[in-house]
Amino acid sequence: MSDRYVRDLDEVDETQVAIVGGKGARLGALMRLDGVRVPPGFCVTTDAFRRVVAEGPAMADHLDHLSRLAADDRETIRDRSSEIRRLIEGIVLPDDLVTAIGAALRRHGVDAAYAVRSSATAEDLATASFAGQQDTYLNVRGAAAVLAHVSRCWASLFTERAVTYRQRNGIDHRTVHLAVVVQKMVFPQAAGVLFTADPVTSNRKVASVEASFGLGEALVSGLVNPDAWRVRDDAIIDRSIAVKRLAVDALPGGGTARQAISAERQDRPALTDDQVLRLVRVGRHIEAAFGCPQDIEWCLADDDVQIVQSRPITTLFPVPASARDGENHVYLSVGHQQMMTDAMKPLGLSMWQLTAMAPMQEAGGRLFVDATRILASPASRVGFLDMVEKSDPLTRDALETVLNRPDFVPTLTDDAPRVPRLGGTPTTIENDPAIVTELVERSRTSLAALRRDIATVSGPALFDFLLAAFEEHKRLLADPLSMQAIMAGMEATWWLNEQLAEWLGEKNAADSLTLSAPGNVTSEMGLALLDVADAIRPYPEVVTFLRDVDDDGFLDELPRLAGGAQARDAIRGYLDRYGMRCVGEIDITRPRWAERPTTLVPLILDNIGLHEAGAAGRRFAQGHAQAQRKREELLERLRARPDGERKAEETARMIDRVRTFIGYREYPKYAIISRYLVYKQALLGEADRLVQAGVLRERDDIFHLTFAELHDVVRTHRIDDRLVERRREAFRTYQTLTPPRVLTSEGEGISGAYRRDDVPADALVGLGVSAGIVEGRARVLLDLAEADLEPGDILVTAYTDPSWSPLFVAVAGLVTEVGGLMTHGAVIAREYGLPAVVGVPDATRIIRDGQRIRVHGADGYVEILSDEGTQV
């Protein structure tokens with residue numbers, strides 16, 4: 001029986017979240033599953049909550065004020081939340097609501113014991129579980145007690161923890177309503193939780209069970225260490241039986257209490273193996289019904305498993321769609337190779353997929369490459385692992401972890417593409433700077449043609465044009481001469497490091513030899529911003545103006561100031577050449593510097609304060625001279641050794657080779673991103689037309705559509721607004737996830753480990769990519785726009801793509817969480833002579849802003865020298 005205020009659990013399902021909240025809806029759905037036992041009960045609906053809250057004095061004003069608070073304003077949140085709870089608990093329940101609840105209690109048993117549980121409309125969602133954010137009361141007896149605890153549940157919607165959780169998840173308090181589940185109590189011998197995917201490794205094929213004696217409250221509250229089992233393929237693969245000294249049990253008159261467990265029972269398992277396996281089978285049944293891994297609360301009473309809640313596990317990293325084919329797959333993170341591990345929006349994902357050289361699959365807002373085939377072939381595996389190690393040793397370790405598992409990656413004897421061993425015969429190409437000049441000119445010519453031709457097309461025809469442009473894009477990337485030039489510089493770097501270490505004991509010799517290498521568009525970008533600072537420094541009025549800039553239209557205001565026209569022209573000239581860049585630039589939806597020039601202002605101001613006029617030219621000349629001195633020193637030392645003339649001649653050729661080609665390593669990415677800005681401007685033009693036609697609400701809606709979906713919208717002038725909103729919500733969720741370096745089809749994320757014993761015990765281990773030792777203040781930055789540097793600062797950040805390079809001229813060293821020997825940050829650090837350690841796990845979490853640290857760039861570790869600093 002149901003009315004406006006009360007619904008029995010067997011009457012509701014997942015379509016009624018707005019009426020009975022997430023918990024109530026899920027319990028109703030569980031009751032419909034064959035073989036799943038759920039304690040009976042009823043829900044007090046959200047209509048009852050809304051009515052009671054509406055009758056509370058000034059509740060609307062309180063909620064409006066609460067919604068405007070920042071999530072970190074804990075004191076105000078605490079005070080305001082406490083006042084709202086007091087108001088709600090003080091409201092006298094309407095007579096018709098009391099009557100409806102009383103009738104439900106008579107149906108289920110007035111004298112029975114009940115669990116009274118909060119059920120919010122923003123709860124147990126696929127993207128946010130909200131677990132434990134509202135209150136539950138156990139063993140409630142009598143109608144009066146049930147009514148009082150219903151009010152307490154409503155009030156618990158506004159505990160400090162619940163309010164803060166919603167603030168941080170972007171959920172408006174005024175849109176969340178609370179139902180209350182009143183459910184027959186189970187008095188279990190044991191209770192606990194079941195995860196149908198391993199919550200530690202994310203492996204979807206491994207279930208995890210935790211159990212303790214008595215009510216599950218003992219486990220949830222941390223009162224006891226639970227027994228734990230891990231189950232795979234209906235077999236227990238791991239167990240841990242704890243000593244359990246306490247349990248939480250129900251009291252005869254209502255409520256619960258801690259009870260001591262007798263000594264002879266303390267080390268007994270709370271469940272038998274058979275009960276564990278039976279529980280997991282029930283969990284797999286629930287998982288199959290709901291379509292995703294579940295976090296399940298259960299009770300065992302008289303050998304009968306009863307389910308009291310099931311919610312999606314929201315912390316698992318998703319797996320690519322291809323993992324559903326039943327075969328084993330090993331996926332590599334594209335973001336860790338591209339130095340951009342943030343989540344990407346759908347248009348960014350699909351554009352990178354359309355322009356990339358290898359098939360890529362999406363999961364969790366990131367892209368992955370399926371490496372299973374190349375790992376399965378002995379002909380390709382060794383060379384591939386060598387290549388991966390040069391890029392990121394942690395990724396190689398993660399891959400070897402998977403390869404060491406029997407039968408996960410089968411060994412094939414087919415004709416998989418062979419990957420050559422690195423460090424073998426160098427690429428055949430002349431040491432001719434004209435090769436680089438020719439490649440750059442080819443790229444510029446193609447970009448000019450793209451800009452010219454794209455201006456003539458619009459509407460559906462634009463998408464056909466772009467698909468053809470993407471083929472040209474990939475043709476440029478795959479140009480054999482370009483690939484030879486890139487490999488020539490990289491192979492020469494490896495050769496110099498390996499041979500000079502063997503012949504002279506010289507560690508990372510190439511680091512000094514590549515200082516101020518010519519033709520590196522990324523390092524030139526950093527030096528060019530020093531020149532912009534030189535153009536602005538003589539004009540104090542402009543400098544003062546820039547300190548308060550917060551509007552991207554500031555360039556138009558500059559000519560009103562003395563020297564403002566010169567400053568504007570300098571910044572615009574910089575944007576003409578580098579304005580296509582931005583942090584996370586592989587995602588076309590990210591705002592470019594040309595679109596948001598305020599991003600550059602803190603960097604320009606830092607350059608004005610930290611450097612004197614002419615710094616760019618001096619820095620380049622000093623690096624060039626240092627590289628020349630190192631060259632002569634090494635050649636002289638080689639000539640003094642046995643067979644020295646041959647070794648010196650070969651080394652000189654390799655030094656010339658690395659300086660000829662290493663700068664070009666950065667150009668193809670620059671060319672890609674240059675084309676990306678052209679693509680983006682054309683697509684935003686279509687977005688503006690769709691907004692004008694009333695098809696889109698705002699131009700940025702297109703970022704939440706794939707390229708193909710946007711094509712359809714332009715062609716049909718129809719869009720599903722709900723799809724866009726779902727994509728926005730999914731993106732917010734993906735932003736909270738950390739992508740693994742390696743992901744298996746079983747959902748397991750593997751990040752790899754350094755297996756070294758040659759570093760100090762407390763040091764943070766990484767990959768040394770630019771030699772030298774430097775000590776200074778850690779400047780932990782997650783946003784380029786927050787740059788505020790002092791002389792000698794060491795930059796600590798998650799990753800550095802080329803957009804971070806202008807900051808390199810102002811820092812003394814570099815530490816990143818992601819990176820490899822030949823990634824952008826490493827290449828530029830070497831050219832600028834900055835000691836750098838990359839691939840340091842959790843560096844931005846462990847190192848606090850302001851701490852003093854020492855970076856060992858050759859040996860690959862970081863020491864924290866002081867405890868001072870503020871957590872970022």
# chains A, B, ... in the order shown; residues from 1 in each chain; ligands from 1
>>> residues_around(residues="region 229-242 of chain A", least_positions_apart="6", cutoff="12 Å", atoms="only C-alpha atoms", output="number ranges by chain")
A: 192-201, 203-213, 219, 265-284, 746
>>> select_by_dssp(residues="region 163-201 of chain A", states="helix (DSSP H, G or I)", output="number ranges by chain")
A: 163-168, 173-175
>>> residues_around(residues="region 797-810 of chain A", least_positions_apart="5", cutoff="8 Å", atoms="only C-alpha atoms", output="CSV table (one decimal) with all heavy atoms, in the first residue's frame")
chain,number,residue,atom,x,y,z
A,338,GLN,N,52.0,11.6,-23.5
A,338,GLN,CA,51.8,12.9,-24.0
A,338,GLN,C,51.9,14.0,-22.9
A,338,GLN,O,51.7,15.2,-23.2
A,338,GLN,CB,50.4,13.0,-24.7
A,338,GLN,CG,50.3,12.3,-25.9
A,338,GLN,CD,51.2,12.8,-27.0
A,338,GLN,OE1,51.5,14.0,-27.1
A,338,GLN,NE2,51.6,12.0,-28.0
A,339,MET,N,52.2,13.6,-21.7
A,339,MET,CA,52.4,14.6,-20.6
A,339,MET,C,51.1,15.3,-20.3
A,339,MET,O,51.1,16.5,-20.1
A,339,MET,CB,53.5,15.6,-20.8
A,339,MET,CG,54.9,14.9,-21.0
A,339,MET,SD,55.4,14.0,-19.5
A,339,MET,CE,55.0,12.3,-20.1
A,340,MET,N,50.0,14.6,-20.3
A,340,MET,CA,48.7,15.2,-20.1
A,340,MET,C,47.8,14.1,-19.5
A,340,MET,O,47.0,13.5,-20.3
A,340,MET,CB,48.1,15.8,-21.3
A,340,MET,CG,47.3,17.1,-21.0
A,340,MET,SD,45.7,16.8,-20.1
A,340,MET,CE,44.6,16.3,-21.4
A,341,THR,N,47.8,13.9,-18.2
A,341,THR,CA,47.0,12.9,-17.6
A,341,THR,C,45.6,13.3,-17.1
A,341,THR,O,44.9,12.5,-16.5
A,341,THR,CB,47.8,12.2,-16.5
A,341,THR,OG1,48.1,13.3,-15.5
A,341,THR,CG2,49.1,11.6,-16.9
A,522,THR,N,60.3,24.8,-28.7
A,522,THR,CA,59.7,24.9,-27.3
A,522,THR,C,60.6,25.7,-26.4
A,522,THR,O,60.2,26.6,-25.7
A,522,THR,CB,59.5,23.5,-26.8
A,522,THR,OG1,58.7,22.8,-27.7
A,522,THR,CG2,58.8,23.6,-25.4
A,523,SER,N,62.0,25.5,-26.5
A,523,SER,CA,62.9,26.3,-25.7
A,523,SER,C,62.9,27.7,-26.2
A,523,SER,O,63.0,28.7,-25.4
A,523,SER,CB,64.3,25.7,-25.7
A,523,SER,OG,64.8,25.6,-27.0
A,525,MET,N,60.4,29.3,-27.3
A,525,MET,CA,59.2,29.9,-26.8
A,525,MET,C,59.4,30.5,-25.4
A,525,MET,O,59.0,31.6,-25.0
A,525,MET,CB,58.1,28.8,-26.7
A,525,MET,CG,56.8,29.3,-26.2
A,525,MET,SD,55.5,28.0,-26.4
A,525,MET,CE,56.1,26.7,-25.3
A,526,GLY,N,60.2,29.8,-24.5
A,526,GLY,CA,60.5,30.3,-23.2
A,526,GLY,C,61.4,31.5,-23.3
A,526,GLY,O,61.2,32.5,-22.5
A,527,LEU,N,62.4,31.5,-24.1
A,527,LEU,CA,63.3,32.6,-24.2
A,527,LEU,C,62.6,33.8,-24.8
A,527,LEU,O,62.8,35.0,-24.5
A,527,LEU,CB,64.5,32.3,-25.1
A,527,LEU,CG,65.4,31.1,-24.6
A,527,LEU,CD1,66.5,30.8,-25.6
A,527,LEU,CD2,66.0,31.6,-23.2
A,529,LEU,N,59.6,34.7,-24.4
A,529,LEU,CA,58.8,35.4,-23.4
A,529,LEU,C,59.6,36.3,-22.5
A,529,LEU,O,59.2,37.4,-22.0
A,529,LEU,CB,58.0,34.4,-22.5
A,529,LEU,CG,56.8,35.0,-21.8
A,529,LEU,CD1,55.7,35.5,-22.8
A,529,LEU,CD2,56.1,34.0,-20.8
A,581,ARG,N,49.2,27.4,-28.0
A,581,ARG,CA,49.6,26.5,-26.9
A,581,ARG,C,48.8,26.8,-25.7
A,581,ARG,O,48.2,27.8,-25.5
A,581,ARG,CB,51.1,26.6,-26.6
A,581,ARG,CG,52.0,26.6,-27.9
A,581,ARG,CD,53.2,25.8,-27.7
A,581,ARG,NE,53.1,24.4,-27.8
A,581,ARG,CZ,54.0,23.6,-28.4
A,581,ARG,NH1,55.1,24.1,-28.8
A,581,ARG,NH2,53.8,22.3,-28.5
A,582,CYS,N,48.8,25.8,-24.8
A,582,CYS,CA,48.1,25.9,-23.5
A,582,CYS,C,48.4,24.6,-22.7
A,582,CYS,O,48.9,23.6,-23.3
A,582,CYS,CB,46.6,26.0,-23.7
A,582,CYS,SG,45.7,24.5,-24.3
A,583,VAL,N,48.1,24.6,-21.4
A,583,VAL,CA,48.3,23.4,-20.6
A,583,VAL,C,47.3,22.4,-21.1
A,583,VAL,O,46.1,22.7,-21.3
A,583,VAL,CB,48.1,23.8,-19.1
A,583,VAL,CG1,48.1,22.5,-18.3
A,583,VAL,CG2,49.2,24.7,-18.7
A,584,GLY,N,47.7,21.2,-21.2
A,584,GLY,CA,46.8,20.1,-21.7
A,584,GLY,C,46.5,20.3,-23.1
A,584,GLY,O,45.3,19.9,-23.5
A,585,GLU,N,47.4,20.7,-24.0
A,585,GLU,CA,47.1,21.2,-25.3
A,585,GLU,C,46.6,20.0,-26.3
A,585,GLU,O,46.0,20.3,-27.3
A,585,GLU,CB,48.3,21.9,-25.9
A,585,GLU,CG,49.5,21.0,-26.1
A,585,GLU,CD,50.8,21.8,-26.4
A,585,GLU,OE1,50.7,23.1,-26.4
A,585,GLU,OE2,51.8,21.2,-26.7
A,603,LEU,N,53.5,34.9,-15.8
A,603,LEU,CA,54.9,34.6,-16.3
A,603,LEU,C,55.6,35.8,-16.8
A,603,LEU,O,56.8,35.9,-16.5
A,603,LEU,CB,54.7,33.6,-17.5
A,603,LEU,CG,53.9,32.3,-17.2
A,603,LEU,CD1,53.9,31.4,-18.5
A,603,LEU,CD2,54.4,31.6,-16.0
A,606,ASP,N,56.7,37.6,-13.7
A,606,ASP,CA,57.9,36.9,-13.0
A,606,ASP,C,59.2,37.2,-13.8
A,606,ASP,O,60.2,37.4,-13.2
A,606,ASP,CB,57.6,35.4,-13.0
A,606,ASP,CG,56.7,35.0,-11.8
A,606,ASP,OD1,56.6,35.8,-10.9
A,606,ASP,OD2,56.2,33.9,-11.8
A,607,ASN,N,59.1,37.2,-15.1
A,607,ASN,CA,60.3,37.5,-15.9
A,607,ASN,C,60.8,38.9,-15.7
A,607,ASN,O,62.0,39.1,-15.7
A,607,ASN,CB,60.0,37.2,-17.4
A,607,ASN,CG,59.9,35.8,-17.8
A,607,ASN,OD1,60.3,34.9,-17.0
A,607,ASN,ND2,59.4,35.5,-18.9
A,610,LEU,N,62.4,38.8,-12.1
A,610,LEU,CA,63.5,37.9,-11.8
A,610,LEU,C,64.7,38.1,-12.8
A,610,LEU,O,65.8,37.5,-12.5
A,610,LEU,CB,63.1,36.5,-11.9
A,610,LEU,CG,62.0,36.0,-10.9
A,610,LEU,CD1,61.5,34.6,-11.2
A,610,LEU,CD2,62.6,36.1,-9.5
A,780,VAL,N,55.2,24.3,-5.5
A,780,VAL,CA,54.3,23.2,-6.0
A,780,VAL,C,53.2,23.9,-6.7
A,780,VAL,O,52.4,24.6,-6.2
A,780,VAL,CB,53.7,22.4,-4.8
A,780,VAL,CG1,52.8,21.3,-5.3
A,780,VAL,CG2,54.9,21.8,-4.0
A,781,LEU,N,53.1,23.7,-8.0
A,781,LEU,CA,52.1,24.4,-8.9
A,781,LEU,C,51.3,23.3,-9.6
A,781,LEU,O,51.8,22.4,-10.3
A,781,LEU,CB,52.8,25.3,-9.9
A,781,LEU,CG,53.4,26.6,-9.4
A,781,LEU,CD1,54.1,27.3,-10.6
A,781,LEU,CD2,52.4,27.4,-8.8
A,782,LEU,N,50.0,23.5,-9.6
A,782,LEU,CA,49.1,22.6,-10.4
A,782,LEU,C,48.4,23.4,-11.5
A,782,LEU,O,47.8,22.9,-12.4
A,782,LEU,CB,48.0,22.0,-9.5
A,782,LEU,CG,48.5,21.2,-8.3
A,782,LEU,CD1,47.4,20.6,-7.5
A,782,LEU,CD2,49.4,20.0,-8.8
A,784,LEU,N,49.4,26.7,-14.2
A,784,LEU,CA,50.4,27.6,-14.7
A,784,LEU,C,50.1,29.1,-14.3
A,784,LEU,O,51.0,29.9,-14.1
A,784,LEU,CB,50.5,27.5,-16.2
A,784,LEU,CG,51.6,28.2,-16.9
A,784,LEU,CD1,53.0,27.6,-16.5
A,784,LEU,CD2,51.4,28.1,-18.5
A,789,LEU,N,57.0,33.3,-8.5
A,789,LEU,CA,58.3,32.7,-8.3
A,789,LEU,C,59.3,33.6,-7.6
A,789,LEU,O,59.2,34.8,-7.7
A,789,LEU,CB,58.9,32.2,-9.6
A,789,LEU,CG,58.0,31.1,-10.4
A,789,LEU,CD1,58.6,30.9,-11.7
A,789,LEU,CD2,57.9,29.8,-9.6
A,791,PRO,N,63.7,33.8,-6.9
A,791,PRO,CA,65.0,33.3,-7.4
A,791,PRO,C,65.3,32.0,-6.7
A,791,PRO,O,65.2,31.8,-5.5
A,791,PRO,CB,66.0,34.4,-7.1
A,791,PRO,CG,65.2,35.6,-7.0
A,791,PRO,CD,63.9,35.2,-6.4
A,815,VAL,N,60.8,19.0,-10.8
A,815,VAL,CA,60.4,17.7,-10.4
A,815,VAL,C,58.9,17.5,-10.9
A,815,VAL,O,58.1,18.4,-10.7
A,815,VAL,CB,60.3,17.6,-8.8
A,815,VAL,CG1,59.8,16.3,-8.4
A,815,VAL,CG2,61.7,17.9,-8.2
A,816,THR,N,58.7,16.4,-11.5
A,816,THR,CA,57.3,16.1,-12.0
A,816,THR,C,56.9,14.7,-11.6
A,816,THR,O,57.8,13.8,-11.3
A,816,THR,CB,57.2,16.2,-13.5
A,816,THR,OG1,58.0,15.2,-14.2
A,816,THR,CG2,57.7,17.6,-14.0
A,817,GLU,N,55.6,14.4,-11.6
A,817,GLU,CA,55.1,13.1,-11.4
A,817,GLU,C,55.1,12.2,-12.6
A,817,GLU,O,55.1,11.0,-12.4
A,817,GLU,CB,53.7,13.2,-10.8
A,817,GLU,CG,53.6,13.9,-9.5
A,817,GLU,CD,52.2,14.1,-9.0
A,817,GLU,OE1,51.2,13.9,-9.8
A,817,GLU,OE2,52.0,14.3,-7.8
A,818,VAL,N,55.1,12.8,-13.8
A,818,VAL,CA,55.0,12.0,-15.0
A,818,VAL,C,56.1,12.5,-15.9
A,818,VAL,O,56.5,13.7,-15.9
A,818,VAL,CB,53.6,12.3,-15.7
A,818,VAL,CG1,53.6,11.5,-17.0
A,818,VAL,CG2,52.5,11.8,-14.8
A,819,GLY,N,56.7,11.6,-16.7
A,819,GLY,CA,57.7,12.0,-17.6
A,819,GLY,C,58.7,10.9,-17.9
A,819,GLY,O,58.8,9.9,-17.2
A,824,HIS,N,58.9,16.2,-23.2
A,824,HIS,CA,59.2,17.6,-23.5
A,824,HIS,C,59.9,18.3,-22.3
A,824,HIS,O,60.9,19.0,-22.5
A,824,HIS,CB,57.8,18.3,-23.7
A,824,HIS,CG,57.1,17.8,-24.9
A,824,HIS,ND1,57.4,18.1,-26.2
A,824,HIS,CD2,56.0,16.9,-24.9
A,824,HIS,CE1,56.6,17.4,-27.0
A,824,HIS,NE2,55.7,16.7,-26.3
A,825,GLY,N,59.4,18.0,-21.1
A,825,GLY,CA,60.1,18.6,-19.9
A,825,GLY,C,61.5,18.3,-19.8
A,825,GLY,O,62.4,19.1,-19.5
A,828,ILE,N,63.7,20.1,-22.6
A,828,ILE,CA,63.9,21.5,-22.4
A,828,ILE,C,64.7,21.7,-21.1
A,828,ILE,O,65.5,22.7,-21.1
A,828,ILE,CB,62.5,22.2,-22.2
A,828,ILE,CG1,61.6,21.9,-23.4
A,828,ILE,CG2,62.7,23.7,-22.1
A,828,ILE,CD1,62.3,22.2,-24.8
A,829,ALA,N,64.5,20.9,-20.1
A,829,ALA,CA,65.4,21.0,-18.9
A,829,ALA,C,66.8,20.9,-19.3
A,829,ALA,O,67.7,21.6,-18.8
A,829,ALA,CB,65.0,20.0,-17.8
A,832,TYR,N,68.1,24.0,-21.1
A,832,TYR,CA,68.3,25.1,-20.2
A,832,TYR,C,69.3,24.9,-19.1
A,832,TYR,O,69.6,25.7,-18.3
A,832,TYR,CB,66.9,25.5,-19.6
A,832,TYR,CG,66.0,26.2,-20.5
A,832,TYR,CD1,64.7,26.5,-20.1
A,832,TYR,CD2,66.4,26.7,-21.7
A,832,TYR,CE1,63.8,27.2,-20.9
A,832,TYR,CE2,65.5,27.3,-22.6
A,832,TYR,CZ,64.2,27.6,-22.2
A,832,TYR,OH,63.3,28.2,-23.0
A,843,ALA,N,54.5,13.3,-6.2
A,843,ALA,CA,55.4,14.4,-5.8
A,843,ALA,C,54.6,15.6,-5.3
A,843,ALA,O,55.0,16.2,-4.3
A,843,ALA,CB,56.3,14.8,-7.0
A,844,THR,N,53.5,16.0,-6.0
A,844,THR,CA,52.8,17.2,-5.6
A,844,THR,C,52.0,17.0,-4.3
A,844,THR,O,51.5,17.9,-3.7
A,844,THR,CB,51.8,17.6,-6.7
A,844,THR,OG1,50.8,16.6,-7.0
A,844,THR,CG2,52.5,17.9,-8.0
>>> closest_residue(among="A:Thr395, A:Thr598, A:Gln306, A:Thr46", to="Leu332 (chain A)", atoms="only C-alpha atoms")
A:Thr395
>>> select_by_dssp(residues="region 138-171 of chain A", states="strand (DSSP E)", output="PDB file with N, CA, C and O atoms, in the first residue's frame")
ATOM      1  N   LEU A 138      19.877   2.177  14.320  1.00  0.00           N
ATOM      2  CA  LEU A 138      19.579   0.748  14.367  1.00  0.00           C
ATOM      3  C   LEU A 138      18.774   0.393  15.617  1.00  0.00           C
ATOM      4  O   LEU A 138      18.895   1.029  16.662  1.00  0.00           O
ATOM      5  N   ASN A 139      17.961  -0.668  15.440  1.00  0.00           N
ATOM      6  CA  ASN A 139      17.199  -1.236  16.551  1.00  0.00           C
ATOM      7  C   ASN A 139      16.306  -0.184  17.217  1.00  0.00           C
ATOM      8  O   ASN A 139      16.312  -0.011  18.439  1.00  0.00           O
ATOM      9  N   VAL A 140      15.534   0.486  16.370  1.00  0.00           N
ATOM     10  CA  VAL A 140      14.583   1.493  16.856  1.00  0.00           C
ATOM     11  C   VAL A 140      13.251   0.793  17.127  1.00  0.00           C
ATOM     12  O   VAL A 140      12.696   0.128  16.238  1.00  0.00           O
ATOM     13  N   ARG A 141      12.709   0.954  18.323  1.00  0.00           N
ATOM     14  CA  ARG A 141      11.497   0.237  18.720  1.00  0.00           C
ATOM     15  C   ARG A 141      10.413   1.214  19.160  1.00  0.00           C
ATOM     16  O   ARG A 141      10.667   2.131  19.949  1.00  0.00           O
TER      17      ARG A 141
END
>>> residues_around(residues="Ile486 (chain A)", least_positions_apart="2", cutoff="8 Å", atoms="only C-alpha atoms", output="list in words")
Ser482, Met483, Gln484, Ala488, Gly489, Met490, Phe661, Ile662, Tyr664 and Arg665 of chain A
>>> atom_distance(atom1="CA of Leu500 (chain A)", atom2="CA of Lys647 (chain A)")
9.6 Å
>>> residues_around(residues="Arg755 (chain A)", least_positions_apart="6", cutoff="12 Å", atoms="only C-alpha atoms", output="ChimeraX atom specification")
/A:393-394,396-398,765-767
>>> residues_around(residues="Arg442 (chain A)", least_positions_apart="5", cutoff="9 Å", atoms="only C-alpha atoms", output="MDAnalysis selection string")
chainID A and resid 437 447 476
>>> write_last_selection(atoms="all heavy atoms", output="PDB file, in the first residue's frame")
ATOM      1  N   THR A 437      65.493  22.187 -41.870  1.00  0.00           N
ATOM      2  CA  THR A 437      64.915  23.364 -42.543  1.00  0.00           C
ATOM      3  C   THR A 437      63.837  22.941 -43.530  1.00  0.00           C
ATOM      4  O   THR A 437      62.750  23.541 -43.592  1.00  0.00           O
ATOM      5  CB  THR A 437      66.016  24.152 -43.272  1.00  0.00           C
ATOM      6  OG1 THR A 437      67.024  24.535 -42.332  1.00  0.00           O
ATOM      7  CG2 THR A 437      65.438  25.384 -43.950  1.00  0.00           C
ATOM      8  N   LEU A 447      50.349  24.075 -43.231  1.00  0.00           N
ATOM      9  CA  LEU A 447      49.512  24.861 -42.318  1.00  0.00           C
ATOM     10  C   LEU A 447      48.908  26.060 -43.039  1.00  0.00           C
ATOM     11  O   LEU A 447      47.719  26.379 -42.841  1.00  0.00           O
ATOM     12  CB  LEU A 447      50.355  25.321 -41.120  1.00  0.00           C
ATOM     13  CG  LEU A 447      49.630  26.177 -40.083  1.00  0.00           C
ATOM     14  CD1 LEU A 447      48.494  25.397 -39.430  1.00  0.00           C
ATOM     15  CD2 LEU A 447      50.625  26.671 -39.025  1.00  0.00           C
ATOM     16  N   LEU A 476      51.779  14.105 -42.413  1.00  0.00           N
ATOM     17  CA  LEU A 476      52.913  14.882 -41.916  1.00  0.00           C
ATOM     18  C   LEU A 476      53.587  14.179 -40.741  1.00  0.00           C
ATOM     19  O   LEU A 476      54.816  14.133 -40.637  1.00  0.00           O
ATOM     20  CB  LEU A 476      52.447  16.280 -41.495  1.00  0.00           C
ATOM     21  CG  LEU A 476      52.042  17.224 -42.628  1.00  0.00           C
ATOM     22  CD1 LEU A 476      51.356  18.467 -42.057  1.00  0.00           C
ATOM     23  CD2 LEU A 476      53.258  17.630 -43.445  1.00  0.00           C
TER      24      LEU A 476
END
>>> atom_distance(atom1="CA of Leu450 (chain A)", atom2="CA of Ala469 (chain A)")
7.5 Å
>>> residues_around(residues="Leu349 (chain A)", least_positions_apart="6", cutoff="8 Å", atoms="only C-alpha atoms", output="list in words")
Glu362, Gly365, Arg366, Leu367, Asp587 and Thr706 of chain A
>>> write_last_selection(atoms="N, CA, C and O atoms", output="tab-separated table (two decimals), in the first residue's frame")
chain	number	residue	atom	x	y	z
A	362	GLU	N	38.88	4.94	-25.47
A	362	GLU	CA	38.58	5.83	-24.36
A	362	GLU	C	38.16	5.06	-23.13
A	362	GLU	O	37.46	4.06	-23.20
A	365	GLY	N	37.59	9.15	-19.50
A	365	GLY	CA	37.99	10.45	-20.02
A	365	GLY	C	39.44	10.50	-20.46
A	365	GLY	O	39.98	11.59	-20.69
A	366	ARG	N	40.08	9.35	-20.59
A	366	ARG	CA	41.47	9.28	-21.07
A	366	ARG	C	41.54	8.33	-22.25
A	366	ARG	O	40.62	7.57	-22.51
A	367	LEU	N	42.68	8.35	-22.93
A	367	LEU	CA	42.89	7.49	-24.08
A	367	LEU	C	43.94	6.43	-23.75
A	367	LEU	O	44.91	6.69	-23.03
A	587	ASP	N	44.15	18.26	-25.75
A	587	ASP	CA	42.70	18.35	-25.67
A	587	ASP	C	42.27	19.64	-26.35
A	587	ASP	O	42.49	20.74	-25.84
A	706	THR	N	31.12	14.20	-29.38
A	706	THR	CA	32.21	13.72	-30.23
A	706	THR	C	32.16	14.43	-31.57
A	706	THR	O	31.18	15.11	-31.91
>>> closest_residue(among="A:Thr401, A:Thr599, A:Thr736, A:Thr589", to="Leu546 (chain A)", atoms="only C-alpha atoms")
A:Thr599
>>> closest_residue(among="A:Leu504, A:Ile374, A:Ala509, A:Ala565", to="Thr411 (chain A)", atoms="only C-alpha atoms")
A:Ile374
>>> closest_residue(among="A:Asp511, A:Glu612, A:Asp464, A:Glu502", to="His711 (chain A)", atoms="only C-alpha atoms")
A:Asp464
>>> atom_distance(atom1="CA of Ile655 (chain A)", atom2="CA of Asp643 (chain A)")
18.5 Å
